[in-house]
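Report on the structure given below.
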Amino acid sequence: MLSPVWLPLFVLGMPFVAFVLLAVVAPLRRAGSPAALVSIGATLLAFAAALAVWRGAFVAETTWAWIPADGGPIATVGLLVDPLSNAMLVLVTLVSLLVQIYSLAYLGDERPASLGRYYTYQSLFAFSMLGLVLAPGFLQMFVFWELVGLCSYLLIGYWYERPAAARAAVKAFWITKLGDIGFIIGIVLLWSATGTFEFTELFDKAQEHALAIKGLPTIMFLIYLGAVGKSAQFPLHVWLPDAMEGPTPVSALIHAATMVTAGVFMVTRTEPLFAMVPEVLTLIAWVGAFTALLAATMACVEDDIKRVLAYSTISQLGYMMAAAGAGAAYAGFLHLLTHGLFKALLFLAAGAVIHAVGTNDIFRMGGLFRAMPQTGVVFLVGTLALAGVPPLAGFFSKEAVLGGVWEAHFTGPFLMLAATALLTAFYMFRVVFIAFFGRAHAGGHPHEAPWLMRGPLWLLAALTVLVGIRLGGAEGHDETPAWLVPLSIGLAFAGFGLAWAMYQRGAIDPARVATVLGPLDYLARRRYGIDALYAGLYRGLILGFSRLIGWIDRYIVDGVLNVLSALTLRGGQALRGIQSGRAQDYVYGVAFGMLLLIVWAQLWR
Amino acid sequence: MIRQVLSLVPELSIITWAPFVGALLIMFTARHRPRAVRWIAAVTTGISAALSIRIYATYDQDVAGFQFYEKIPLVPPLGISYEVGADGISLLMVLLTSIIIVAGVFASWTVQVRSQEFYALLLALVTGVYGVFVSLDLFVLFLFYELAVLPMYLLIGIWGSSGEVRPRGIFAWAFRETGVGTKEYAAMKLTLYLLFGSAFILVGILALYVNAGAASFSFLDFEATAFPRALQRVFLAFYVGFGILAGIWPLHTWSPDGHASAPTAVSMLHAGVLMKLGAYGVVRMGMGLLPEGAADLAWLVGTVACVNIVYGALSSMAQTDLKYVIAYSSVSHMGIVMLGAATLTGPGLNGSVFQMFAHGVMTGLFFALVGLVYEKAHSRDIGKMGGFGKTMPGIATAFTVGGLSSLGLPATAGFVAELLTFLGAWRAARRQANLLGPTLQPVPRSRRRPRARVGRAGGPGLRARSLRHGPGPGDRAGGHRDGAPARPDREPMTAFTLELGLSALALLVFGASLIARRPDRRWIAWLATAGVLVLGILSAFVTPTPPALGGMFVQDGLAIFAKRLFLAATFIGLLAGISVDGVACGHRAGEYHLLILSSLPAI
């Protein structure tokens with residue numbers, strides 16, 4: 001233990017205290033705004049502490065026994081504090097705080113009891129995410145992994161009266177659960193082979209080459225499956241677009257900046273282990289890059305502003321995982337941090353727009369820049385960051401990712417990522433041009449958002465710029481090839497130009513492009529049938545199979561039993577005839593029995 | 001009879017018998033007083049609960065063996081004694097039972113029809129359950145097991161709810177003949193099935209008894225005996241017998257119908273405790289007494305457990321009736337319990353017991369909630385339900401919490417239970433297990449088929465004994481087995497004298513009735529009851545003697561014990577008869593009591 005552990009513990013503990021308080025003290029929760037203040041206050045304190053931890057470059061590790069067993073505890077809980085976790089602490093608490101403040105205005109129309117429920121969930125989420133980030137071992141990480149999934153379910157389904165929201169929440173829970181199955185199996189297998197859940201012990205073992213287990217690639221692949229589910233990699237990405245049914249601040253927090261990044265964080269955290277299985281890393285890189293490209297194509301045809309951002313998130317997550325797969329895990333992590341900032345910014349700005357206009361459909365917006373200049377500016381900042389334009393933060397992290405992938409000689413993924421960069425710029429500026437520029441719509445009077453919403457927006461925008469400048473001034477990018485910088489800038493401008501030509505200038509007709517790219521457009525609009533495939537599999541295979549089993553249980557297994565009992569009843573009916581009530585029958589029976597006995601006794605003499 | 005109570009206060013006996021005392025009180029004093037009925041039930045179960053918490057708190061975790069030990073010899077020649085003790089597992093189960101029954105008593109507060117009998121039967125049932133968990137004498141354990149099963153028939157048959165099952169498939173004719181779907185059907189099926197299972201248990205107990213020298217039914221004595229290899233197959237008898245109660249596939253079908261048709265408190269007890277009784281029996285008696293047999297058959301136990309998990313989960317998904325959903329999920333969760341037990345490892349068994357407790361509480365919660373929902377919605381059909389979050393937020397939240405525990409979400413009990421079970425299963429697995437993992441709601445999260453390690457005799461197989469028990473602090477003073485000490489100086493009061501007394505009483509009562517004038521013959525009933533009481537008390541002084549009447553009339557210890565039992569039962573029966581306006585107090589009172597009392601000597 002090098003640094004005191006109470007400060008990180010404080011960061012973890014504050015949201016937990018807020019959660020317990022709000023969960024238990026029902027009157028406080030039902031009051032609405034006071035509950036919000038409790039939660040915001042706790043998160044503010046946590047953020048301050050997280051800043052202190054990060055600035056102080058704390059390093060510590062401590063564990064306490066949890067589940068006892070013979071010969072030492074079988075499971076422990078604790079904290080692992082190092083630069084990786086510290087950065088996440090700051091990101092999680094910062095975005096949590098801004099989102100909670102923003103929500104006060106965004107959800108201002110909610111009933112007080114519902115608002116209280118929202119903030120209870122928010123506190124629980126903050127606690128869970130922080131616990132995940134600080135986990136010293138796989139087991140604790142898994143525990144909080146599941147809790148974070150639970151919070152996602154609760155928050156997506158916040159407006160539970162809406163059937164679409166309820167369905168989306170269940171879908172999110174299910175799909176991530178599929179990944180989690182692999183995760184827990186991998187964890188248990190690893191434990192079974194090594195006897196420990198703890199990261200430091202595993203890393204030490206890896207260092208001493210004591211981890212040459214036969215099934216290690218399989219184990220690490222299973223563990224990776226958890227990240228596939230949580231970080232929305234293909235093919236478990238389908239829950240993220242539907243998760244947009246939740247309130248926009250929720251999307252900003254957990255589906256952009258924090259929860260979905262848990263998978264990337266996990267892969268980064270356990271990088272020494274993944275480094276031992278290059279085959280799995282290659283798979284991660286390819287899947288990541290493919291996910292990025294696939295999602296980007298789907299974003300190009302979306303009309304719902306939140307869905308565009310959701311696909312964009314999937315795409316960027318693909319970037320991060322591709323970097324991890326290429327062995328440049330820290331480039332991916334850097335992208336995680338910067339992406340967290342500007343994606344949250346984009347979502348919150350989108351929320352402001354939705355709040356003002358009352359619809360998600362970009363084609364029902366237009367000319368918003370004039371009506372909401374501030375929102376327009378920050379949205380533009382976010383877009384530029386996402387497209388990878390220097391000196392904003394996104395540029396440096398994206399470049400690091402591309403450089404890392406190139407250095408690892410993953411040409412295929414590199415090309416996919418480059419294409420994605422082009423598409424990213426394209427679809428983002430498509431949204432900007434359609435929604436913010438162009439003709440305003442007749443109906444509605446879009447107005448600027450209240451300060452509670454604008455404040456976080458400006459803060460995030462400022463951070464995006466500042467972090468970018470800071471990254472630019474930091475140690476040089478000497479590893480990356482020299483042509484990478486102009487390439488990425490060129491791709492960004494190409495995308496911008498294409499969008500400008502199609503949607504601002506009207507030089508290229510989008511409809512004609514759609515016909516030219518006919519099959520691709522068709523597939524992209526239908527999400528490549530993957531959702532339909534899942535729905536079909538679920539309905540047909542799982543539900544159908546379960547109905548079959550239910551039928552078998554009721555009518556076959558139980559049927560046999562009922563046959564036995566029916567036969568018994570019938571047998572009883574038949575035998576009842578012997579008791580005829582007539583004495584002469586009884587005498588007859590006695591005589592017959594005597595005869596039998598005599599015969600039998602003779603035979604057995 | 002010399003008492004051997006080793007704990008200063010006989011906590012386990014109080015816990016076990018307090019509900020029974022409550023049942024008696026209710027039957028005899030609370031006629032037409034529903035509030036009294038409920039409060040008696042609440043108080044007596046509360047006493048049990050308070051004491052069970054207390055013994056849980058005072059249990060010494062560092063000492064192996066049974067604590068809170070009591071022993072009262074009942075039939076020394078046969079080695080039957082009332083012997084109770086608690087170790088870690090039974091303690092937890094006792095605690096679980098008290099939680100569930102207290103909750104169940106309150107959940108049934110609104111029973112309208114014949115609440116007196118309902119609560120009396122419920123309390124008698126719970127006495128049986130407590131008894132099974134704490135009993136260390138296998139004979140008495142069996143008695144308690146029967147006591148736990150039989151009231152279910154009445155409880156489900158009278159206070160249950162009927163559903164509708166349309167006969168389909170090739171066996172449809174059987175469905176029509178047996179009346180599938182009604183509560184009477186469910187009650188009969190459950191009772192008969194469990195009694196069928198108890199036959200196997202009895203066979204197992206007797207096999208062990210005979211093999212151990214026919215000297216004692218005590219669990220502690222059996223533990224100390226090393227049974228020969230050939231006898232280890234008796235584990236199968238225990239596994240099937242108790243497994244039926246635990247709901248192993250394919251002998252589980254009594255459970256969904258039983259659960260669904262039963263009233264709320266009975267469902268809670270049934271799923272929450274009764275099924276655990278089965279698993280407890282397998283672990284305690286099967287694995288505790290026949291470890292090699294358990295190790296040999298661990299593959300079977302494990303495989304069936306996995307089938308349980310998946311099959312139960314899938315069936316649960318296919319149901320439209322809310323109670324059936326939870327019932328099948330219980331079947332599934334018991335699979336996890338049995339899987340943990342099958343591993344015969346420390347973490348696995350810990351996980352198994354933990355899951356027993358966790359699932360017991362969780363399922364008690366579910367059924368209580370379903371009972372509430374049914375009261376409000378008057379339907380169990382899921383298709384007709386919706387929007388509970390708005391109208392019943394408390395119930396909705398509780399349901400969600402229960403559901404999350406059921407699927408093993410971390411931070412709920414279900415997660416720890418399942419984790420330990422899986423860790424234990426992996427420790428035990430020899431070959432690469434089949435990794436199939438559906439996640440079905442609200443059901444366990446993954447399934448595997450471990451092939452448990454076949455233990456060598458005496459080696460790892462004996463790991464099952466690592467359960468925290470060992471020779472209890474029993475004080476086996478000699479002399480009890482030999483029968484009561486002879487008292488040659490005094491003319492012994494023999495059982496024969498007792499019979500004469502009974503016959504005389506019968507004739508007296510009948511004669512009295514002949515001279516009775518008034519139509520109200522209640523005093524005759526009181527006379528008969530008082531007479532039986534007197535004779536019962538006198539029977540305490542009866543000692544075993546050599547047979548009378550030239551060997552035709554046996555008067556040994558067993559006969560006297562049985563006689564006392566019958567006298568007690570007759571006394572209760574006559575007493576109960578007085579409270580009911582009917583034959584016992586009417587015109588025919590004389591003949592009625594003559595018939596009853598004259599049957600006594602015959603017995």
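Chain labels run A, B, ... following the order of the structure tokens; each chain numbers its residues from 1, and ligands are numbered from 1 in the order shown.
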
| task | May I have the residues within 8 Å of range 212-214 of chain B as a VMD selection string, using only C-alpha atoms and disregarding those fewer than 5 positions away in the same chain? | result | chain B and resid 78 to 79 222 225 227

| request: Would you kindly return, as a PyMOL selection string, each protein, DNA or RNA residue with an atom no farther than 9 Å from any atom of range 465-475 of chain A, considering only C-alpha atoms and excluding same-chain residues fewer than 6 positions away? | output: chain A and resi 338+381+385+390-397

Counting only C-alpha atoms, which residues of chain A fall within 6 Å of chain B, and what is the closest atom pair for each with its distance in Å at one decimal, ordered by chain and rising number, as CSV?
residue,atom,partner,partner_atom,distance
A:Val143,CA,B:Pro410,CA,5.1
A:Ser546,CA,B:Leu314,CA,4.4
A:Arg547,CA,B:Ala318,CA,4.7
A:Ile549,CA,B:Ser315,CA,5.6
A:Gly550,CA,B:Ser315,CA,4.3
A:Asp558,CA,B:Thr253,CA,5.9
A:Gly559,CA,B:Phe171,CA,5.6
A:Asn562,CA,B:Ala174,CA,5.5
A:Val563,CA,B:Ala174,CA,5.0
A:Ala566,CA,B:Ala174,CA,5.4

| said: Which residues are close to range 47-59 of chain B, i.e. within 10 Å by only C-alpha atoms, leaving aside same-chain residues fewer than 6 positions away? Reply as a count of residues only. | reply: 30

| request: Using DSSP on the backbone coordinates, identify all residues within range 186-403 of chain B classified as alpha helix (DSSP H); present the result as a PyMOL selection string. | output: chain B and resi 186-211+219-224+234-246+254-261+264-269+275-281+288-289+291-318+322-343+346-377+388-391+393-403

| Contacts of range 237-247 of chain B at 7 Å (only C-alpha atoms; same-chain gap of 5+ positions) as a VMD selection string | chain B and resid 194 197 to 198 200 to 201 204 252 255 275 to 276 278 to 279 281 to 282 286 331 334

Those same residues, written as a PDB file, in the first residue's frame with C-alpha atoms?
ATOM      1  CA  LEU B 194     -44.292 -37.861  -1.302  1.00  0.00           C
ATOM      2  CA  GLY B 197     -40.854 -41.336  -1.741  1.00  0.00           C
ATOM      3  CA  SER B 198     -41.011 -41.929   1.961  1.00  0.00           C
ATOM      4  CA  PHE B 200     -37.820 -45.514  -0.247  1.00  0.00           C
ATOM      5  CA  ILE B 201     -36.541 -43.557   2.688  1.00  0.00           C
ATOM      6  CA  GLY B 204     -33.018 -47.026   3.373  1.00  0.00           C
ATOM      7  CA  HIS B 252     -40.794 -33.501  -9.919  1.00  0.00           C
ATOM      8  CA  SER B 255     -44.372 -29.878  -7.442  1.00  0.00           C
ATOM      9  CA  MET B 275     -38.174 -28.994  -1.061  1.00  0.00           C
ATOM     10  CA  LYS B 276     -35.085 -28.066   0.915  1.00  0.00           C
ATOM     11  CA  GLY B 278     -35.501 -33.231   0.427  1.00  0.00           C
ATOM     12  CA  ALA B 279     -32.099 -31.851  -0.397  1.00  0.00           C
ATOM     13  CA  GLY B 281     -32.155 -35.460   3.514  1.00  0.00           C
ATOM     14  CA  VAL B 282     -29.957 -36.359   0.575  1.00  0.00           C
ATOM     15  CA  GLY B 286     -27.428 -40.018   1.905  1.00  0.00           C
ATOM     16  CA  VAL B 331     -37.598 -26.913  -9.648  1.00  0.00           C
ATOM     17  CA  MET B 334     -33.360 -27.014  -6.568  1.00  0.00           C
TER      18      MET B 334
END

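Counting only C-alpha atoms, Ser161 in chain B has the following residues at most 8 Å away, ignoring those fewer than 2 positions along the same chain: Ile156, Trp159, Gly163, Thr182, Lys183, Ala260, Ser261, Ala262 and Pro263 of chain B.
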
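Those residues that approach Cys300 in chain A to within 10 Å, counting only C-alpha atoms, are Ala295, Ala296, Val308, Tyr311, Ser312, Leu423, Thr424, Phe426, Tyr427, Met428, Arg430, Val431, Asp521, Ala524 and Arg525 of chain A; same-chain residues fewer than 4 positions away are not listed.
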
All heavy atoms of the current selection, written as a compact mmCIF listing (two decimals), in the first residue's frame:
# COMPACT_ATOMS: atom_id res chain seq x y z
N ALA A 295 -21.30 -0.25 -37.97
CA ALA A 295 -22.12 0.74 -37.28
C ALA A 295 -22.12 2.06 -38.03
O ALA A 295 -23.14 2.75 -38.09
CB ALA A 295 -21.62 0.91 -35.85
N ALA A 296 -20.97 2.42 -38.59
CA ALA A 296 -20.90 3.69 -39.30
C ALA A 296 -21.84 3.68 -40.50
O ALA A 296 -22.52 4.67 -40.77
CB ALA A 296 -19.46 3.96 -39.75
N VAL A 308 -28.43 7.90 -34.43
CA VAL A 308 -27.16 8.20 -35.11
C VAL A 308 -26.03 8.19 -34.11
O VAL A 308 -24.97 7.58 -34.32
CB VAL A 308 -27.23 9.57 -35.82
CG1 VAL A 308 -25.86 9.96 -36.35
CG2 VAL A 308 -28.24 9.54 -36.94
N TYR A 311 -25.21 4.62 -32.92
CA TYR A 311 -24.36 3.88 -33.85
C TYR A 311 -22.96 4.44 -33.87
O TYR A 311 -21.97 3.70 -34.00
CB TYR A 311 -24.95 3.93 -35.26
CG TYR A 311 -26.10 2.98 -35.44
CD1 TYR A 311 -27.39 3.44 -35.70
CD2 TYR A 311 -25.89 1.62 -35.31
CE1 TYR A 311 -28.43 2.58 -35.84
CE2 TYR A 311 -26.96 0.74 -35.45
CZ TYR A 311 -28.22 1.23 -35.71
OH TYR A 311 -29.26 0.36 -35.84
N SER A 312 -22.88 5.74 -33.71
CA SER A 312 -21.56 6.35 -33.64
C SER A 312 -20.80 5.82 -32.45
O SER A 312 -19.59 5.55 -32.53
CB SER A 312 -21.74 7.87 -33.53
OG SER A 312 -20.54 8.46 -33.15
N LEU A 423 -16.62 7.88 -43.01
CA LEU A 423 -18.07 7.83 -42.79
C LEU A 423 -18.47 8.60 -41.54
O LEU A 423 -19.54 9.20 -41.48
CB LEU A 423 -18.52 6.37 -42.67
CG LEU A 423 -18.48 5.58 -43.96
CD1 LEU A 423 -18.87 4.13 -43.70
CD2 LEU A 423 -19.43 6.19 -44.97
N THR A 424 -17.61 8.53 -40.52
CA THR A 424 -17.94 9.25 -39.29
C THR A 424 -18.13 10.73 -39.56
O THR A 424 -19.13 11.33 -39.17
CB THR A 424 -16.82 9.06 -38.25
OG1 THR A 424 -16.54 7.69 -38.09
CG2 THR A 424 -17.20 9.66 -36.91
N PHE A 426 -18.77 12.03 -42.29
CA PHE A 426 -19.92 12.21 -43.18
C PHE A 426 -21.23 12.23 -42.42
O PHE A 426 -22.01 13.17 -42.51
CB PHE A 426 -19.93 11.09 -44.23
CG PHE A 426 -21.22 11.04 -45.01
CD1 PHE A 426 -21.50 12.05 -45.92
CD2 PHE A 426 -22.14 10.03 -44.82
CE1 PHE A 426 -22.68 12.02 -46.64
CE2 PHE A 426 -23.31 10.00 -45.54
CZ PHE A 426 -23.59 11.01 -46.45
N TYR A 427 -21.48 11.18 -41.61
CA TYR A 427 -22.82 11.13 -41.01
C TYR A 427 -23.00 12.18 -39.95
O TYR A 427 -24.11 12.67 -39.72
CB TYR A 427 -23.18 9.71 -40.52
CG TYR A 427 -22.36 9.14 -39.38
CD1 TYR A 427 -22.39 9.68 -38.10
CD2 TYR A 427 -21.58 8.02 -39.60
CE1 TYR A 427 -21.65 9.14 -37.08
CE2 TYR A 427 -20.84 7.46 -38.57
CZ TYR A 427 -20.87 8.02 -37.32
OH TYR A 427 -20.14 7.48 -36.31
N MET A 428 -21.91 12.56 -39.27
CA MET A 428 -22.06 13.60 -38.26
C MET A 428 -22.40 14.93 -38.91
O MET A 428 -23.29 15.65 -38.46
CB MET A 428 -20.79 13.72 -37.42
CG MET A 428 -20.66 12.65 -36.35
SD MET A 428 -22.15 12.37 -35.38
CE MET A 428 -22.35 13.90 -34.54
N ARG A 430 -23.72 15.31 -41.74
CA ARG A 430 -25.08 15.16 -42.30
C ARG A 430 -26.10 15.63 -41.28
O ARG A 430 -27.00 16.41 -41.59
CB ARG A 430 -25.28 13.69 -42.67
CG ARG A 430 -26.71 13.30 -42.99
CD ARG A 430 -26.74 11.83 -43.40
NE ARG A 430 -28.11 11.38 -43.60
CZ ARG A 430 -28.84 10.71 -42.68
NH1 ARG A 430 -28.31 10.43 -41.51
NH2 ARG A 430 -30.06 10.34 -42.95
N VAL A 431 -25.94 15.14 -40.06
CA VAL A 431 -26.86 15.56 -39.01
C VAL A 431 -26.77 17.06 -38.80
O VAL A 431 -27.78 17.77 -38.70
CB VAL A 431 -26.55 14.81 -37.70
CG1 VAL A 431 -27.32 15.41 -36.55
CG2 VAL A 431 -26.86 13.34 -37.85
N ASP A 521 -27.74 0.26 -49.06
CA ASP A 521 -28.68 1.15 -48.40
C ASP A 521 -29.81 0.35 -47.79
O ASP A 521 -30.21 0.57 -46.64
CB ASP A 521 -29.20 2.16 -49.44
CG ASP A 521 -30.26 3.07 -48.84
OD1 ASP A 521 -29.88 3.89 -48.00
OD2 ASP A 521 -31.43 2.94 -49.19
N ALA A 524 -28.57 -1.55 -44.76
CA ALA A 524 -28.25 -0.67 -43.64
C ALA A 524 -29.51 -0.17 -42.96
O ALA A 524 -29.60 -0.06 -41.75
CB ALA A 524 -27.38 0.49 -44.11
N ARG A 525 -30.52 0.13 -43.79
CA ARG A 525 -31.76 0.62 -43.19
C ARG A 525 -32.41 -0.44 -42.32
O ARG A 525 -33.11 -0.13 -41.38
CB ARG A 525 -32.73 1.05 -44.29
CG ARG A 525 -32.39 2.42 -44.80
CD ARG A 525 -33.48 2.96 -45.70
NE ARG A 525 -32.94 4.08 -46.44
CZ ARG A 525 -32.84 5.32 -45.94
NH1 ARG A 525 -33.28 5.56 -44.73
NH2 ARG A 525 -32.33 6.29 -46.65

| said: So that I can check the surroundings of range 184-189 of chain A, please list as a list in words every protein, DNA and RNA residue that reaches within 7 Å of it, counting only C-alpha atoms and ignoring chain neighbours fewer than 3 positions away. | reply: Phe138, Asp180, Ile181, Ser192, Ala193, Ile219, Met220, Leu222 and Ile223 of chain A; Leu423 of chain B

With all heavy atoms kept, could you save the residues just selected as a PDB file, in the first residue's frame?
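Final file, again38.pdb:
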ATOM      1  N   PHE A 138     -11.156 -10.231 -10.915  1.00  0.00           N
ATOM      2  CA  PHE A 138     -12.233 -10.519 -11.850  1.00  0.00           C
ATOM      3  C   PHE A 138     -13.584 -10.643 -11.170  1.00  0.00           C
ATOM      4  O   PHE A 138     -14.594 -10.216 -11.698  1.00  0.00           O
ATOM      5  CB  PHE A 138     -11.941 -11.837 -12.596  1.00  0.00           C
ATOM      6  CG  PHE A 138     -11.153 -11.642 -13.841  1.00  0.00           C
ATOM      7  CD1 PHE A 138      -9.905 -12.220 -13.986  1.00  0.00           C
ATOM      8  CD2 PHE A 138     -11.656 -10.892 -14.886  1.00  0.00           C
ATOM      9  CE1 PHE A 138      -9.175 -12.045 -15.146  1.00  0.00           C
ATOM     10  CE2 PHE A 138     -10.936 -10.709 -16.047  1.00  0.00           C
ATOM     11  CZ  PHE A 138      -9.683 -11.287 -16.179  1.00  0.00           C
ATOM     12  N   ASP A 180     -22.196 -11.874 -20.792  1.00  0.00           N
ATOM     13  CA  ASP A 180     -21.769 -12.121 -19.411  1.00  0.00           C
ATOM     14  C   ASP A 180     -21.634 -13.599 -19.110  1.00  0.00           C
ATOM     15  O   ASP A 180     -20.873 -13.982 -18.218  1.00  0.00           O
ATOM     16  CB  ASP A 180     -22.764 -11.499 -18.442  1.00  0.00           C
ATOM     17  CG  ASP A 180     -22.799  -9.999 -18.559  1.00  0.00           C
ATOM     18  OD1 ASP A 180     -21.855  -9.444 -19.171  1.00  0.00           O
ATOM     19  OD2 ASP A 180     -23.743  -9.379 -18.069  1.00  0.00           O
ATOM     20  N   ILE A 181     -22.409 -14.420 -19.801  1.00  0.00           N
ATOM     21  CA  ILE A 181     -22.265 -15.861 -19.579  1.00  0.00           C
ATOM     22  C   ILE A 181     -20.856 -16.284 -19.918  1.00  0.00           C
ATOM     23  O   ILE A 181     -20.195 -16.974 -19.148  1.00  0.00           O
ATOM     24  CB  ILE A 181     -23.262 -16.652 -20.436  1.00  0.00           C
ATOM     25  CG1 ILE A 181     -24.686 -16.355 -20.017  1.00  0.00           C
ATOM     26  CG2 ILE A 181     -23.002 -18.136 -20.303  1.00  0.00           C
ATOM     27  CD1 ILE A 181     -25.673 -17.001 -20.920  1.00  0.00           C
ATOM     28  N   SER A 192     -10.260 -21.763 -11.829  1.00  0.00           N
ATOM     29  CA  SER A 192     -10.043 -23.192 -11.671  1.00  0.00           C
ATOM     30  C   SER A 192      -8.613 -23.569 -12.038  1.00  0.00           C
ATOM     31  O   SER A 192      -8.016 -24.464 -11.448  1.00  0.00           O
ATOM     32  CB  SER A 192     -11.041 -23.930 -12.558  1.00  0.00           C
ATOM     33  OG  SER A 192     -10.628 -25.235 -12.787  1.00  0.00           O
ATOM     34  N   ALA A 193      -8.041 -22.855 -13.006  1.00  0.00           N
ATOM     35  CA  ALA A 193      -6.675 -23.177 -13.424  1.00  0.00           C
ATOM     36  C   ALA A 193      -5.626 -22.517 -12.558  1.00  0.00           C
ATOM     37  O   ALA A 193      -4.548 -23.060 -12.347  1.00  0.00           O
ATOM     38  CB  ALA A 193      -6.484 -22.750 -14.884  1.00  0.00           C
ATOM     39  N   ILE A 219     -10.108 -19.440 -22.655  1.00  0.00           N
ATOM     40  CA  ILE A 219     -10.522 -18.700 -21.464  1.00  0.00           C
ATOM     41  C   ILE A 219     -10.562 -17.206 -21.761  1.00  0.00           C
ATOM     42  O   ILE A 219     -11.529 -16.515 -21.447  1.00  0.00           O
ATOM     43  CB  ILE A 219      -9.558 -18.990 -20.298  1.00  0.00           C
ATOM     44  CG1 ILE A 219      -9.651 -20.456 -19.906  1.00  0.00           C
ATOM     45  CG2 ILE A 219      -9.873 -18.101 -19.124  1.00  0.00           C
ATOM     46  CD1 ILE A 219      -8.687 -20.851 -18.822  1.00  0.00           C
ATOM     47  N   MET A 220      -9.502 -16.713 -22.393  1.00  0.00           N
ATOM     48  CA  MET A 220      -9.467 -15.273 -22.635  1.00  0.00           C
ATOM     49  C   MET A 220     -10.530 -14.891 -23.651  1.00  0.00           C
ATOM     50  O   MET A 220     -11.106 -13.799 -23.577  1.00  0.00           O
ATOM     51  CB  MET A 220      -8.079 -14.861 -23.124  1.00  0.00           C
ATOM     52  CG  MET A 220      -6.977 -15.030 -22.091  1.00  0.00           C
ATOM     53  SD  MET A 220      -7.440 -14.506 -20.425  1.00  0.00           S
ATOM     54  CE  MET A 220      -7.546 -12.750 -20.634  1.00  0.00           C
ATOM     55  N   LEU A 222     -13.463 -16.294 -23.854  1.00  0.00           N
ATOM     56  CA  LEU A 222     -14.708 -16.224 -23.098  1.00  0.00           C
ATOM     57  C   LEU A 222     -14.787 -14.923 -22.306  1.00  0.00           C
ATOM     58  O   LEU A 222     -15.843 -14.286 -22.234  1.00  0.00           O
ATOM     59  CB  LEU A 222     -14.812 -17.431 -22.164  1.00  0.00           C
ATOM     60  CG  LEU A 222     -15.096 -18.751 -22.862  1.00  0.00           C
ATOM     61  CD1 LEU A 222     -14.898 -19.907 -21.909  1.00  0.00           C
ATOM     62  CD2 LEU A 222     -16.517 -18.755 -23.399  1.00  0.00           C
ATOM     63  N   ILE A 223     -13.664 -14.545 -21.723  1.00  0.00           N
ATOM     64  CA  ILE A 223     -13.662 -13.300 -20.968  1.00  0.00           C
ATOM     65  C   ILE A 223     -13.920 -12.128 -21.916  1.00  0.00           C
ATOM     66  O   ILE A 223     -14.649 -11.189 -21.581  1.00  0.00           O
ATOM     67  CB  ILE A 223     -12.329 -13.144 -20.208  1.00  0.00           C
ATOM     68  CG1 ILE A 223     -12.262 -14.213 -19.116  1.00  0.00           C
ATOM     69  CG2 ILE A 223     -12.179 -11.771 -19.626  1.00  0.00           C
ATOM     70  CD1 ILE A 223     -11.029 -14.133 -18.255  1.00  0.00           C
TER      71      ILE A 223
ATOM     72  N   LEU B 423     -18.239 -22.863  -8.596  1.00  0.00           N
ATOM     73  CA  LEU B 423     -16.835 -23.042  -8.250  1.00  0.00           C
ATOM     74  C   LEU B 423     -16.600 -24.465  -7.753  1.00  0.00           C
ATOM     75  O   LEU B 423     -15.636 -25.122  -8.127  1.00  0.00           O
ATOM     76  CB  LEU B 423     -16.415 -22.035  -7.180  1.00  0.00           C
ATOM     77  CG  LEU B 423     -16.390 -20.576  -7.618  1.00  0.00           C
ATOM     78  CD1 LEU B 423     -15.942 -19.703  -6.469  1.00  0.00           C
ATOM     79  CD2 LEU B 423     -15.450 -20.393  -8.796  1.00  0.00           C
TER      80      LEU B 423
END

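From CA of Gln232 in chain B back to CA of Ala425 in chain B, the distance works out to 22.7 Å.
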
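Each of A:Ala36, A:Ile305, A:Leu334, A:Leu457 was compared to Ile362 in chain A using only C-alpha atoms, and A:Ile305 turns out to be the nearest.
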
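Counting only C-alpha atoms, the residue from A:Leu94, A:Met276, A:Ala69, A:Val133 that sits nearest to Phe47 in chain A is A:Leu94.
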
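Of note, CA of Pro68 in chain A and CA of Ala294 in chain B are spaced 25.0 Å apart.
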